[in-house]
>>> print(open('my_file32.pdb').read())   # PDB, C-alpha atoms, pLDDT in the B column
ATOM      1  CA  MET J   1      78.900 -68.304 -51.110  1.00 47.00           C
ATOM      2  CA  SER J   2      76.598 -70.498 -53.203  1.00 50.00           C
ATOM      3  CA  ASP J   3      73.532 -69.962 -51.029  1.00 66.00           C
ATOM      4  CA  GLY J   4      73.686 -66.178 -51.406  1.00 84.00           C
ATOM      5  CA  THR J   5      75.647 -63.251 -50.078  1.00 94.00           C
ATOM      6  CA  ALA J   6      76.091 -62.681 -46.370  1.00 94.00           C
ATOM      7  CA  ALA J   7      73.504 -59.911 -46.655  1.00 96.00           C
ATOM      8  CA  ASP J   8      71.031 -62.305 -48.286  1.00 96.00           C
ATOM      9  CA  LEU J   9      71.601 -64.879 -45.558  1.00 96.00           C
ATOM     10  CA  PHE J  10      71.075 -62.302 -42.823  1.00 97.00           C
ATOM     11  CA  PHE J  11      67.863 -61.003 -44.363  1.00 97.00           C
ATOM     12  CA  ASP J  12      66.612 -64.577 -44.692  1.00 97.00           C
ATOM     13  CA  ALA J  13      67.398 -65.241 -41.026  1.00 97.00           C
ATOM     14  CA  ALA J  14      65.797 -61.997 -39.837  1.00 98.00           C
ATOM     15  CA  VAL J  15      62.662 -62.495 -41.924  1.00 98.00           C
ATOM     16  CA  GLY J  16      62.396 -66.062 -40.649  1.00 98.00           C
ATOM     17  CA  LEU J  17      62.588 -64.882 -37.049  1.00 98.00           C
ATOM     18  CA  LEU J  18      60.021 -62.150 -37.659  1.00 98.00           C
ATOM     19  CA  GLN J  19      57.673 -64.706 -39.182  1.00 98.00           C
ATOM     20  CA  ARG J  20      58.143 -66.988 -36.166  1.00 98.00           C
ATOM     21  CA  VAL J  21      57.347 -64.296 -33.606  1.00 98.00           C
ATOM     22  CA  ARG J  22      54.406 -63.119 -35.700  1.00 98.00           C
ATOM     23  CA  GLU J  23      52.884 -66.593 -35.621  1.00 98.00           C
ATOM     24  CA  GLU J  24      54.066 -68.049 -32.328  1.00 98.00           C
ATOM     25  CA  GLU J  25      53.792 -64.922 -30.156  1.00 98.00           C
ATOM     26  CA  ALA J  26      50.495 -63.626 -31.541  1.00 98.00           C
ATOM     27  CA  GLY J  27      48.607 -64.422 -28.353  1.00 98.00           C
ATOM     28  CA  ALA J  28      51.238 -62.852 -26.125  1.00 98.00           C
ATOM     29  CA  ILE J  29      51.371 -59.733 -28.312  1.00 98.00           C
ATOM     30  CA  THR J  30      47.597 -59.357 -28.055  1.00 98.00           C
ATOM     31  CA  ALA J  31      47.723 -59.862 -24.298  1.00 98.00           C
ATOM     32  CA  ALA J  32      50.560 -57.368 -23.842  1.00 98.00           C
ATOM     33  CA  GLY J  33      48.763 -54.780 -25.959  1.00 98.00           C
ATOM     34  CA  ALA J  34      45.613 -55.262 -23.895  1.00 98.00           C
ATOM     35  CA  LEU J  35      47.573 -54.950 -20.638  1.00 98.00           C
ATOM     36  CA  LEU J  36      49.072 -51.638 -21.743  1.00 98.00           C
ATOM     37  CA  ALA J  37      45.671 -50.441 -22.957  1.00 98.00           C
ATOM     38  CA  ASP J  38      44.161 -51.355 -19.580  1.00 98.00           C
ATOM     39  CA  THR J  39      46.907 -49.362 -17.878  1.00 98.00           C
ATOM     40  CA  VAL J  40      46.312 -46.285 -20.026  1.00 98.00           C
ATOM     41  CA  ALA J  41      42.545 -46.487 -19.600  1.00 97.00           C
ATOM     42  CA  ALA J  42      42.910 -46.725 -15.810  1.00 97.00           C
ATOM     43  CA  GLY J  43      45.117 -43.632 -15.649  1.00 96.00           C
ATOM     44  CA  GLY J  44      48.407 -45.473 -15.292  1.00 97.00           C
ATOM     45  CA  ARG J  45      51.722 -44.698 -16.919  1.00 96.00           C
ATOM     46  CA  LEU J  46      53.882 -46.776 -19.242  1.00 98.00           C
ATOM     47  CA  PHE J  47      57.619 -47.382 -18.900  1.00 98.00           C
ATOM     48  CA  ALA J  48      60.208 -49.323 -20.875  1.00 98.00           C
ATOM     49  CA  PHE J  49      63.608 -50.501 -19.701  1.00 96.00           C
ATOM     50  CA  GLY J  50      66.478 -52.257 -21.383  1.00 94.00           C
ATOM     51  CA  ALA J  51      70.196 -52.560 -20.700  1.00 88.00           C
ATOM     52  CA  GLY J  52      72.968 -52.460 -23.283  1.00 86.00           C
ATOM     53  CA  HIS J  53      71.747 -53.126 -26.799  1.00 90.00           C
ATOM     54  CA  SER J  54      68.407 -54.246 -25.371  1.00 92.00           C
ATOM     55  CA  SER J  55      67.893 -50.587 -24.520  1.00 92.00           C
ATOM     56  CA  LEU J  56      67.680 -49.761 -28.225  1.00 94.00           C
ATOM     57  CA  ALA J  57      64.228 -51.331 -28.488  1.00 96.00           C
ATOM     58  CA  ALA J  58      63.122 -49.454 -25.359  1.00 96.00           C
ATOM     59  CA  GLN J  59      64.379 -46.129 -26.682  1.00 95.00           C
ATOM     60  CA  ASP J  60      62.697 -46.789 -30.022  1.00 96.00           C
ATOM     61  CA  VAL J  61      59.218 -46.488 -28.484  1.00 97.00           C
ATOM     62  CA  VAL J  62      59.841 -43.348 -26.410  1.00 97.00           C
ATOM     63  CA  TYR J  63      58.992 -39.886 -27.806  1.00 96.00           C
ATOM     64  CA  ARG J  64      58.398 -41.507 -31.159  1.00 95.00           C
ATOM     65  CA  ALA J  65      56.318 -40.158 -34.029  1.00 96.00           C
ATOM     66  CA  GLY J  66      53.468 -42.603 -34.505  1.00 96.00           C
ATOM     67  CA  GLY J  67      54.011 -43.956 -31.012  1.00 97.00           C
ATOM     68  CA  LEU J  68      52.226 -43.672 -27.684  1.00 97.00           C
ATOM     69  CA  ALA J  69      53.129 -40.454 -25.897  1.00 97.00           C
ATOM     70  CA  LEU J  70      52.770 -42.150 -22.504  1.00 97.00           C
ATOM     71  CA  MET J  71      55.690 -44.536 -23.038  1.00 98.00           C
ATOM     72  CA  ASN J  72      58.559 -43.337 -20.857  1.00 97.00           C
ATOM     73  CA  LEU J  73      62.135 -44.607 -20.704  1.00 96.00           C
ATOM     74  CA  LEU J  74      63.194 -45.973 -17.329  1.00 95.00           C
ATOM     75  CA  ALA J  75      66.868 -45.166 -17.650  1.00 86.00           C
ATOM     76  CA  VAL J  76      69.630 -46.599 -15.494  1.00 83.00           C
ATOM     77  CA  PRO J  77      72.768 -44.453 -15.790  1.00 81.00           C
ATOM     78  CA  GLY J  78      75.623 -46.355 -17.366  1.00 77.00           C
ATOM     79  CA  VAL J  79      73.584 -49.196 -18.857  1.00 81.00           C
ATOM     80  CA  VAL J  80      71.435 -47.463 -21.465  1.00 77.00           C
ATOM     81  CA  GLY J  81      73.924 -47.902 -24.296  1.00 73.00           C
ATOM     82  CA  VAL J  82      77.545 -47.642 -25.312  1.00 71.00           C
ATOM     83  CA  ASP J  83      77.886 -43.968 -24.406  1.00 70.00           C
ATOM     84  CA  ILE J  84      80.139 -44.676 -21.432  1.00 77.00           C
ATOM     85  CA  THR J  85      83.838 -45.516 -21.309  1.00 82.00           C
ATOM     86  CA  PRO J  86      84.770 -48.252 -21.015  1.00 87.00           C
ATOM     87  CA  ALA J  87      81.738 -49.754 -22.712  1.00 80.00           C
ATOM     88  CA  THR J  88      82.278 -52.928 -20.690  1.00 80.00           C
ATOM     89  CA  LEU J  89      81.192 -51.027 -17.559  1.00 78.00           C
ATOM     90  CA  GLY J  90      77.591 -51.246 -18.772  1.00 77.00           C
ATOM     91  CA  SER J  91      77.814 -55.033 -18.879  1.00 81.00           C
ATOM     92  CA  ALA J  92      79.306 -55.084 -15.394  1.00 80.00           C
ATOM     93  CA  LEU J  93      76.532 -52.901 -13.977  1.00 78.00           C
ATOM     94  CA  GLU J  94      73.904 -55.360 -15.225  1.00 77.00           C
ATOM     95  CA  ARG J  95      75.307 -57.845 -12.723  1.00 76.00           C
ATOM     96  CA  VAL J  96      75.222 -55.524  -9.704  1.00 73.00           C
ATOM     97  CA  GLY J  97      72.663 -56.586  -7.132  1.00 76.00           C
ATOM     98  CA  GLY J  98      70.522 -53.871  -5.573  1.00 80.00           C
ATOM     99  CA  LEU J  99      70.819 -51.442  -8.470  1.00 86.00           C
ATOM    100  CA  ALA J 100      67.288 -52.109  -9.714  1.00 88.00           C
ATOM    101  CA  SER J 101      65.710 -51.386  -6.325  1.00 91.00           C
ATOM    102  CA  ALA J 102      67.605 -48.096  -6.063  1.00 92.00           C
ATOM    103  CA  VAL J 103      66.468 -47.070  -9.550  1.00 92.00           C
ATOM    104  CA  LEU J 104      62.825 -47.919  -8.892  1.00 94.00           C
ATOM    105  CA  ALA J 105      62.845 -46.179  -5.518  1.00 92.00           C
ATOM    106  CA  THR J 106      63.953 -42.920  -7.138  1.00 93.00           C
ATOM    107  CA  SER J 107      61.805 -43.200 -10.267  1.00 94.00           C
ATOM    108  CA  PRO J 108      58.201 -42.084 -10.845  1.00 95.00           C
ATOM    109  CA  VAL J 109      57.070 -45.708 -11.288  1.00 97.00           C
ATOM    110  CA  ARG J 110      54.188 -46.549  -8.961  1.00 97.00           C
ATOM    111  CA  ALA J 111      51.434 -49.088  -8.419  1.00 97.00           C
ATOM    112  CA  GLY J 112      49.045 -49.245 -11.350  1.00 97.00           C
ATOM    113  CA  ASP J 113      51.749 -48.539 -13.936  1.00 98.00           C
ATOM    114  CA  ALA J 114      53.109 -50.977 -16.499  1.00 98.00           C
ATOM    115  CA  LEU J 115      56.788 -51.661 -17.181  1.00 98.00           C
ATOM    116  CA  VAL J 116      58.189 -53.411 -20.245  1.00 98.00           C
ATOM    117  CA  ILE J 117      61.575 -54.957 -19.442  1.00 98.00           C
ATOM    118  CA  ILE J 118      63.723 -55.922 -22.403  1.00 97.00           C
ATOM    119  CA  SER J 119      66.638 -58.284 -21.856  1.00 95.00           C
ATOM    120  CA  LEU J 120      67.840 -60.731 -24.471  1.00 95.00           C
ATOM    121  CA  SER J 121      69.287 -63.232 -22.015  1.00 94.00           C
ATOM    122  CA  GLY J 122      67.147 -62.275 -19.027  1.00 92.00           C
ATOM    123  CA  ARG J 123      69.828 -63.820 -16.808  1.00 92.00           C
ATOM    124  CA  ASN J 124      71.515 -60.845 -15.156  1.00 90.00           C
ATOM    125  CA  ALA J 125      70.693 -59.340 -11.773  1.00 89.00           C
ATOM    126  CA  LEU J 126      69.433 -56.013 -13.123  1.00 92.00           C
ATOM    127  CA  PRO J 127      66.492 -57.212 -15.283  1.00 94.00           C
ATOM    128  CA  VAL J 128      65.573 -59.997 -12.848  1.00 95.00           C
ATOM    129  CA  GLU J 129      65.491 -57.657  -9.854  1.00 95.00           C
ATOM    130  CA  MET J 130      63.781 -54.940 -11.883  1.00 95.00           C
ATOM    131  CA  ALA J 131      60.907 -57.327 -12.583  1.00 97.00           C
ATOM    132  CA  LEU J 132      60.801 -58.701  -9.033  1.00 96.00           C
ATOM    133  CA  ASN J 133      60.782 -55.288  -7.395  1.00 96.00           C
ATOM    134  CA  ALA J 134      58.380 -53.715  -9.868  1.00 97.00           C
ATOM    135  CA  ARG J 135      55.782 -56.411  -9.295  1.00 97.00           C
ATOM    136  CA  ALA J 136      56.221 -56.031  -5.539  1.00 96.00           C
ATOM    137  CA  LEU J 137      55.280 -52.366  -6.023  1.00 96.00           C
ATOM    138  CA  GLY J 138      52.075 -53.320  -7.817  1.00 97.00           C
ATOM    139  CA  VAL J 139      53.414 -52.673 -11.309  1.00 98.00           C
ATOM    140  CA  LYS J 140      52.453 -54.931 -14.206  1.00 98.00           C
ATOM    141  CA  VAL J 141      55.516 -56.328 -15.989  1.00 98.00           C
ATOM    142  CA  VAL J 142      55.882 -57.388 -19.610  1.00 98.00           C
ATOM    143  CA  GLY J 143      59.149 -59.171 -20.355  1.00 98.00           C
ATOM    144  CA  VAL J 144      60.727 -59.287 -23.803  1.00 98.00           C
ATOM    145  CA  THR J 145      63.451 -61.907 -23.830  1.00 97.00           C
ATOM    146  CA  SER J 146      64.795 -65.038 -25.470  1.00 97.00           C
ATOM    147  CA  VAL J 147      63.420 -67.953 -23.509  1.00 97.00           C
ATOM    148  CA  ALA J 148      66.173 -70.179 -24.936  1.00 96.00           C
ATOM    149  CA  TYR J 149      68.679 -68.613 -22.546  1.00 95.00           C
ATOM    150  CA  ALA J 150      66.795 -69.989 -19.551  1.00 94.00           C
ATOM    151  CA  ALA J 151      67.167 -73.507 -20.939  1.00 94.00           C
ATOM    152  CA  GLU J 152      70.745 -73.250 -22.172  1.00 94.00           C
ATOM    153  CA  THR J 153      72.543 -70.881 -19.777  1.00 94.00           C
ATOM    154  CA  SER J 154      72.755 -70.300 -16.038  1.00 89.00           C
ATOM    155  CA  SER J 155      71.176 -67.390 -14.220  1.00 86.00           C
ATOM    156  CA  GLN J 156      73.491 -64.683 -12.882  1.00 83.00           C
ATOM    157  CA  HIS J 157      70.984 -63.763 -10.159  1.00 87.00           C
ATOM    158  CA  ALA J 158      71.244 -65.208  -6.665  1.00 84.00           C
ATOM    159  CA  SER J 159      67.772 -66.730  -6.972  1.00 91.00           C
ATOM    160  CA  GLY J 160      68.761 -68.785 -10.006  1.00 86.00           C
ATOM    161  CA  THR J 161      65.778 -67.363 -11.880  1.00 94.00           C
ATOM    162  CA  PHE J 162      65.417 -65.454 -15.135  1.00 95.00           C
ATOM    163  CA  LEU J 163      63.421 -62.427 -16.246  1.00 96.00           C
ATOM    164  CA  LYS J 164      60.757 -64.704 -17.715  1.00 96.00           C
ATOM    165  CA  ASP J 165      60.006 -66.053 -14.245  1.00 96.00           C
ATOM    166  CA  HIS J 166      58.844 -62.681 -12.897  1.00 96.00           C
ATOM    167  CA  CYS J 167      56.549 -61.274 -15.587  1.00 98.00           C
ATOM    168  CA  ASP J 168      52.817 -61.002 -16.074  1.00 98.00           C
ATOM    169  CA  ILE J 169      53.352 -61.578 -19.796  1.00 98.00           C
ATOM    170  CA  VAL J 170      56.435 -62.868 -21.630  1.00 98.00           C
ATOM    171  CA  LEU J 171      57.258 -62.180 -25.270  1.00 98.00           C
ATOM    172  CA  ASP J 172      59.805 -64.653 -26.621  1.00 98.00           C
ATOM    173  CA  SER J 173      62.066 -63.172 -29.303  1.00 98.00           C
ATOM    174  CA  LYS J 174      63.201 -66.669 -30.404  1.00 98.00           C
ATOM    175  CA  ILE J 175      66.794 -65.447 -30.688  1.00 98.00           C
ATOM    176  CA  ALA J 176      69.321 -68.257 -30.342  1.00 97.00           C
ATOM    177  CA  VAL J 177      71.843 -68.118 -27.504  1.00 97.00           C
ATOM    178  CA  GLY J 178      74.745 -65.960 -28.596  1.00 95.00           C
ATOM    179  CA  ASP J 179      72.707 -63.653 -30.849  1.00 96.00           C
ATOM    180  CA  ALA J 180      74.579 -64.387 -34.072  1.00 96.00           C
ATOM    181  CA  GLU J 181      72.628 -65.657 -37.064  1.00 96.00           C
ATOM    182  CA  LEU J 182      75.438 -66.517 -39.476  1.00 96.00           C
ATOM    183  CA  ALA J 183      78.334 -68.959 -39.426  1.00 94.00           C
ATOM    184  CA  LEU J 184      80.776 -69.360 -42.298  1.00 92.00           C
ATOM    185  CA  ASP J 185      83.884 -71.464 -42.675  1.00 92.00           C
ATOM    186  CA  THR J 186      85.802 -68.343 -43.643  1.00 93.00           C
ATOM    187  CA  VAL J 187      84.785 -66.377 -40.533  1.00 94.00           C
ATOM    188  CA  PRO J 188      86.269 -67.489 -37.182  1.00 95.00           C
ATOM    189  CA  ALA J 189      83.191 -66.701 -35.039  1.00 96.00           C
ATOM    190  CA  PRO J 190      79.402 -66.571 -35.442  1.00 96.00           C
ATOM    191  CA  PHE J 191      78.231 -63.121 -36.545  1.00 96.00           C
ATOM    192  CA  ALA J 192      75.283 -60.924 -37.616  1.00 97.00           C
ATOM    193  CA  PRO J 193      72.999 -60.370 -34.585  1.00 97.00           C
ATOM    194  CA  ALA J 194      69.260 -60.010 -35.216  1.00 97.00           C
ATOM    195  CA  SER J 195      67.941 -59.365 -31.717  1.00 97.00           C
ATOM    196  CA  THR J 196      67.462 -55.627 -32.258  1.00 97.00           C
ATOM    197  CA  VAL J 197      65.465 -56.162 -35.448  1.00 98.00           C
ATOM    198  CA  VAL J 198      63.174 -58.722 -33.841  1.00 98.00           C
ATOM    199  CA  THR J 199      62.793 -57.071 -30.436  1.00 98.00           C
ATOM    200  CA  THR J 200      62.031 -53.680 -31.952  1.00 98.00           C
ATOM    201  CA  ALA J 201      59.400 -55.272 -34.188  1.00 98.00           C
ATOM    202  CA  LEU J 202      57.846 -56.986 -31.167  1.00 98.00           C
ATOM    203  CA  MET J 203      57.674 -53.698 -29.294  1.00 98.00           C
ATOM    204  CA  GLN J 204      56.061 -51.871 -32.201  1.00 98.00           C
ATOM    205  CA  ALA J 205      53.579 -54.717 -32.676  1.00 98.00           C
ATOM    206  CA  VAL J 206      52.572 -54.505 -29.022  1.00 98.00           C
ATOM    207  CA  LEU J 207      52.113 -50.730 -29.105  1.00 98.00           C
ATOM    208  CA  ALA J 208      50.164 -50.929 -32.361  1.00 98.00           C
ATOM    209  CA  THR J 209      47.887 -53.406 -30.589  1.00 98.00           C
ATOM    210  CA  THR J 210      47.601 -51.040 -27.622  1.00 98.00           C
ATOM    211  CA  ALA J 211      46.560 -48.119 -29.823  1.00 98.00           C
ATOM    212  CA  ALA J 212      44.014 -50.206 -31.722  1.00 98.00           C
ATOM    213  CA  THR J 213      42.637 -51.696 -28.496  1.00 98.00           C
ATOM    214  CA  LEU J 214      42.123 -48.255 -26.972  1.00 98.00           C
ATOM    215  CA  ALA J 215      40.380 -47.052 -30.123  1.00 98.00           C
ATOM    216  CA  ASP J 216      38.101 -50.102 -30.067  1.00 98.00           C
ATOM    217  CA  ARG J 217      37.079 -49.101 -26.547  1.00 97.00           C
ATOM    218  CA  GLY J 218      36.240 -45.570 -27.646  1.00 97.00           C
ATOM    219  CA  ILE J 219      39.374 -44.056 -26.102  1.00 97.00           C
ATOM    220  CA  GLU J 220      41.568 -41.841 -28.252  1.00 96.00           C
ATOM    221  CA  PRO J 221      45.097 -43.307 -28.169  1.00 97.00           C
ATOM    222  CA  PRO J 222      47.527 -40.567 -27.049  1.00 97.00           C
ATOM    223  CA  LEU J 223      49.717 -40.753 -30.132  1.00 97.00           C
ATOM    224  CA  LEU J 224      52.501 -38.430 -31.207  1.00 97.00           C
ATOM    225  CA  ARG J 225      52.831 -37.110 -34.749  1.00 97.00           C
ATOM    226  CA  SER J 226      55.978 -36.237 -36.631  1.00 96.00           C
ATOM    227  CA  GLY J 227      57.212 -32.709 -36.136  1.00 92.00           C
ATOM    228  CA  ASN J 228      58.199 -32.798 -39.791  1.00 95.00           C
ATOM    229  CA  VAL J 229      54.621 -32.775 -41.062  1.00 95.00           C
ATOM    230  CA  ASP J 230      52.436 -29.692 -41.083  1.00 96.00           C
ATOM    231  CA  GLY J 231      50.509 -29.396 -37.833  1.00 95.00           C
ATOM    232  CA  GLY J 232      52.647 -31.974 -36.080  1.00 95.00           C
ATOM    233  CA  HIS J 233      54.001 -29.673 -33.383  1.00 95.00           C
ATOM    234  CA  ASP J 234      50.534 -28.320 -32.567  1.00 96.00           C
ATOM    235  CA  TRP J 235      49.167 -31.850 -32.314  1.00 96.00           C
ATOM    236  CA  ASN J 236      51.982 -32.921 -30.001  1.00 96.00           C
ATOM    237  CA  ALA J 237      51.611 -29.816 -27.837  1.00 95.00           C
ATOM    238  CA  ARG J 238      47.972 -30.759 -27.241  1.00 96.00           C
ATOM    239  CA  ILE J 239      48.892 -34.324 -26.315  1.00 96.00           C
ATOM    240  CA  MET J 240      51.711 -33.176 -24.036  1.00 95.00           C
ATOM    241  CA  THR J 241      49.364 -30.788 -22.237  1.00 95.00           C
ATOM    242  CA  GLU J 242      46.510 -33.248 -21.913  1.00 95.00           C
ATOM    243  CA  TYR J 243      48.700 -36.073 -20.617  1.00 95.00           C
ATOM    244  CA  GLY J 244      51.477 -34.019 -19.043  1.00 94.00           C
ATOM    245  CA  ASP J 245      51.219 -35.716 -15.657  1.00 94.00           C
ATOM    246  CA  ARG J 246      51.962 -39.082 -17.273  1.00 96.00           C
ATOM    247  CA  ILE J 247      54.830 -38.030 -19.541  1.00 96.00           C
ATOM    248  CA  PHE J 248      58.189 -37.705 -17.794  1.00 95.00           C
ATOM    249  CA  TYR J 249      60.655 -37.120 -20.612  1.00 92.00           C
ATOM    250  CA  ARG J 250      59.233 -33.631 -21.211  1.00 78.00           C
ATOM    251  CA  HIS J 251      60.287 -32.237 -17.823  1.00 57.00           C
TER     252      HIS J 251
END
>>> encode(input="my_file32.pdb", output="structure tokens")
Amino acid sequence: MSDGTAADLFFDAAVGLLQRVREEEAGAITAAGALLADTVAAGGRLFAFGAGHSSLAAQDVVYRAGGLALMNLLAVPGVVGVDITPATLGSALERVGGLASAVLATSPVRAGDALVIISLSGRNALPVEMALNARALGVKVVGVTSVAYAAETSSQHASGTFLKDHCDIVLDSKIAVGDAELALDTVPAPFAPASTVVTTALMQAVLATTAATLADRGIEPPLLRSGNVDGGHDWNARIMTEYGDRIFYRH
């Protein structure tokens, strides 16, 4: 492997993608951070949703030390991760029409809130309908997706549209169709996905922008601290009490 080890090649690919989103999505990141800050300042709540491995980036910003306490996970049973058997059921549920409307109807999401929907392909019924129905409820929607899928694959939703078509702001992860960064003659299929690395970084960049934007407006960002530092639990107890009506994972 004259150009480096597989690990070297993956790090090069991941760093290259991170640099691309840093430069090319800077405006969208700023806009998304401002939208979430507007929501917090107006008394709204924040939610994140992702299916399958896209859920990892959503979970990463919920109940997270250094993160915004108001970010709640909008969980859909069976599609949050690979904790069900068979794991393929999660993929099948993403294609079920009507599931998103049932989830939203029984969730605390309401007009004035903001929902971040993470879907690498953005082509399945669940993320498309989640965005459509959320906006119909008066919820602001930020989509985190790979726009390349809309150009190179077909939609699996009856409308023929993608997640990107139903968002107030779109963050493009730049991930190539197939989510595999490496190809070697000795390996029979492309491998080494980078979508989690890039999508998680995008999410943290947006929430960092949200916190800084709130501070610039003279509003204390409702941040959580690590429970493994002295005073952390007391700090978090104060935040949980002050914002208890906007934090749903504590109940």
>>> closest_residue(input="my_file32.pdb", among="J:Leu132, J:Val206, J:Val142, J:Ala114", to="Ala41 in chain J", atoms="all atoms listed in the file")
J:Ala114
>>> resolve_selection(input="my_file32.pdb", expression="the PyMOL selection byres ((chain J and resi 80-89) around 9)", output="compact mmCIF listing (two decimals) with C-alpha atoms, in the coordinates of the input")
# COMPACT_ATOMS: atom_id res chain seq x y z
CA PHE J 49 63.61 -50.50 -19.70
CA GLY J 50 66.48 -52.26 -21.38
CA ALA J 51 70.20 -52.56 -20.70
CA GLY J 52 72.97 -52.46 -23.28
CA HIS J 53 71.75 -53.13 -26.80
CA SER J 54 68.41 -54.25 -25.37
CA SER J 55 67.89 -50.59 -24.52
CA LEU J 56 67.68 -49.76 -28.22
CA GLN J 59 64.38 -46.13 -26.68
CA ALA J 75 66.87 -45.17 -17.65
CA VAL J 76 69.63 -46.60 -15.49
CA PRO J 77 72.77 -44.45 -15.79
CA GLY J 78 75.62 -46.36 -17.37
CA VAL J 79 73.58 -49.20 -18.86
CA GLY J 90 77.59 -51.25 -18.77
CA SER J 91 77.81 -55.03 -18.88
CA ALA J 92 79.31 -55.08 -15.39
CA LEU J 93 76.53 -52.90 -13.98
CA GLU J 94 73.90 -55.36 -15.22
>>> atom_distance(input="my_file32.pdb", atom1="CA of Val144 in chain J", atom2="CA of Leu184 in chain J")
29.1 Å
>>> closest_residue(input="my_file32.pdb", among="J:Ala212, J:Leu73, J:Leu137, J:Leu115", to="Ser101 in chain J", atoms="only C-alpha atoms")
J:Leu137
>>> axis_aligned_box(input="my_file32.pdb", around="range 128-137 of chain J", padding_each_side="6 Å", output="lines of an AutoDock Vina configuration file")
center_x = 60.4
center_y = -56.2
center_z = -9.2
size_x = 22.3
size_y = 19.6
size_z = 19.3
>>> resolve_selection(input="my_file32.pdb", expression="the PyMOL selection byres ((chain J and resi 196-201) around 7)", output="MDAnalysis selection string")
chainID J and resid 17:18 57 173 194:195 202:205
>>> residues_near_point(input="my_file32.pdb", point="(73.6, -66.7, -26.5)", cutoff="12 Å", atoms="all atoms listed in the file", output="list in words")
Ser119, Leu120, Ser121, Gly122, Arg123, Thr145, Ser146, Val147, Ala148, Tyr149, Ala150, Ala151, Glu152, Thr153, Ser154, Lys174, Ile175, Ala176, Val177, Gly178, Asp179, Ala180, Glu181, Pro190, Phe191, Pro193, Ala194 and Ser195 of chain J
>>> atom_distance(input="my_file32.pdb", atom1="CA of Asp113 in chain J", atom2="CA of Gly66 in chain J")
21.5 Å
>>> atom_distance(input="my_file32.pdb", atom1="CA of Thr161 in chain J", atom2="CA of Asn133 in chain J")
13.8 Å
